[in-house]
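Trainee: Here it is, the structure, as structure tokens.
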There are 2 protein chains.
Amino acid sequence: MALLNADERAALGRELTGWTVGEDSLERRFEFKDFGRSFGFMASVALAAEKLGHHPDWSNSYNRVSIRLTTHDAGGLTDKDAELARRISQLAE
Amino acid sequence: MALLNADERAALGRELTGWTVGEDSLERRFEFKDFGRSFGFMASVALAAEKLGHHPDWSNSYNRVSIRLTTHDAGGLTDKDAELARRISQLAE
């Protein structure tokens with residue numbers, strides 16, 4: 001899996017509203033009404049991640065969920081991260 | 001909800017195998033076979049937390065789950081943290 005180059009990362013930054021596109025990760029924070037809604041969102045992301053075979057690094061504190069995407073095997077950002085980020089954005093709508 | 005005093009925290013450290021008892025938090029890391037098992041564990045902890053009305057600060061990366069318990073409203077460790085830690089230990093067995 002090839003790392004995204006600078007142009008591809010820049011394009012991703014324009015496409016993925018709400019995400020911070022770094023050199024080797026995509027990051028976004030979500031806020032919900034309460035824990036149940038946070039965890040419901042996490043459950044839907046977990047299923048999507050398992051389906052894609054690509055998983056987030058993430059944390060949760062009550063109504064907040066922070067997500068960081070990177071491709072550990074490749075040592076940076078790849079299309080897998082972009083794909084998972086798009087899916088997560090849909091799930092958060 | 002009263003903060004646990006030093007004696008109570010020391011007793012907790014003897015009782016709660018695997019947990020690190022700090023002045024204002026309980027911490028423990030879990031490792032599973034894969035993401036599915038990690039998230040299955042998290043789902044069971046989420047239900048227990050919702051039932052107790054007390055929620056963990058936690059993070060997950062693939063097969064690893066890190067949990068930190070503290071009572072934000074009280075500014076430190078209380079019986080609620082001890083109770084949730086006991087339940088989490090049972091769920092991890």
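Following the order of the structure tokens, chains are lettered A, B, ..., residues in each are numbered from 1, and ligands are numbered from 1.
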For chain B, work out the contacting residues on chain A at 7 Å, counting only C-alpha atoms, and write them as a list in words.
Mentor: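 Interface list for chain A against chain B: His55, Pro56, Asp57, Trp58, Ser59, Asn60, Ser61 and Tyr62 of chain A.
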Trainee: Could you pull out the alpha helix (DSSP H) residues of stretch 36-75 of chain A, going by DSSP on the backbone, and write them as a VMD selection string?
Mentor: chain A and resid 36 to 52
Trainee: With a distance cut-off of 9 Å and only C-alpha atoms, select the neighbouring residues of stretch 71-81 of chain A, excluding the residue or stretch itself and same-chain residues fewer than 2 positions from it, and output the selection as a list in words.
Mentor: Met1, Ala2, Leu3, Leu4, Asn5, Arg9, Gly22, Glu23, Asp24, Ser25, Leu26, Leu52, Gly53, His54, His55, Pro56, Leu69, Glu83, Leu84, Ala85 and Arg86 of chain A
Trainee: DSSP on the backbone: which residues in chain A end up as strand (DSSP E or B)? Give the answer as a list in words.
Mentor: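 Those residues are Thr20, Val21, Leu26, Glu27, Arg28, Arg29, Phe30, Glu31, Asp57, Trp58, Ser59, Asn60, Ser61, Arg64, Val65, Ser66, Ile67, Arg68, Leu69, Thr71 and Gly76 of chain A.
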Trainee: So how far away is atom CA of B:Arg87 from atom CA of B:Glu15, in Å?
Mentor: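 The value is 12.8 Å.
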Trainee: Measure the distance from atom CA of B:Asp7 to atom CA of B:Arg28 in Å and round it to one decimal.
Mentor: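 Going from atom CA of B:Asp7 over to atom CA of B:Arg28 covers 20.4 Å.
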Trainee: Would you mind reading off the distance between atom CA of A:Ile88 and atom CA of A:Val45, one decimal, in Å?
Mentor: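 Here the two named atoms are 6.2 Å from each other.
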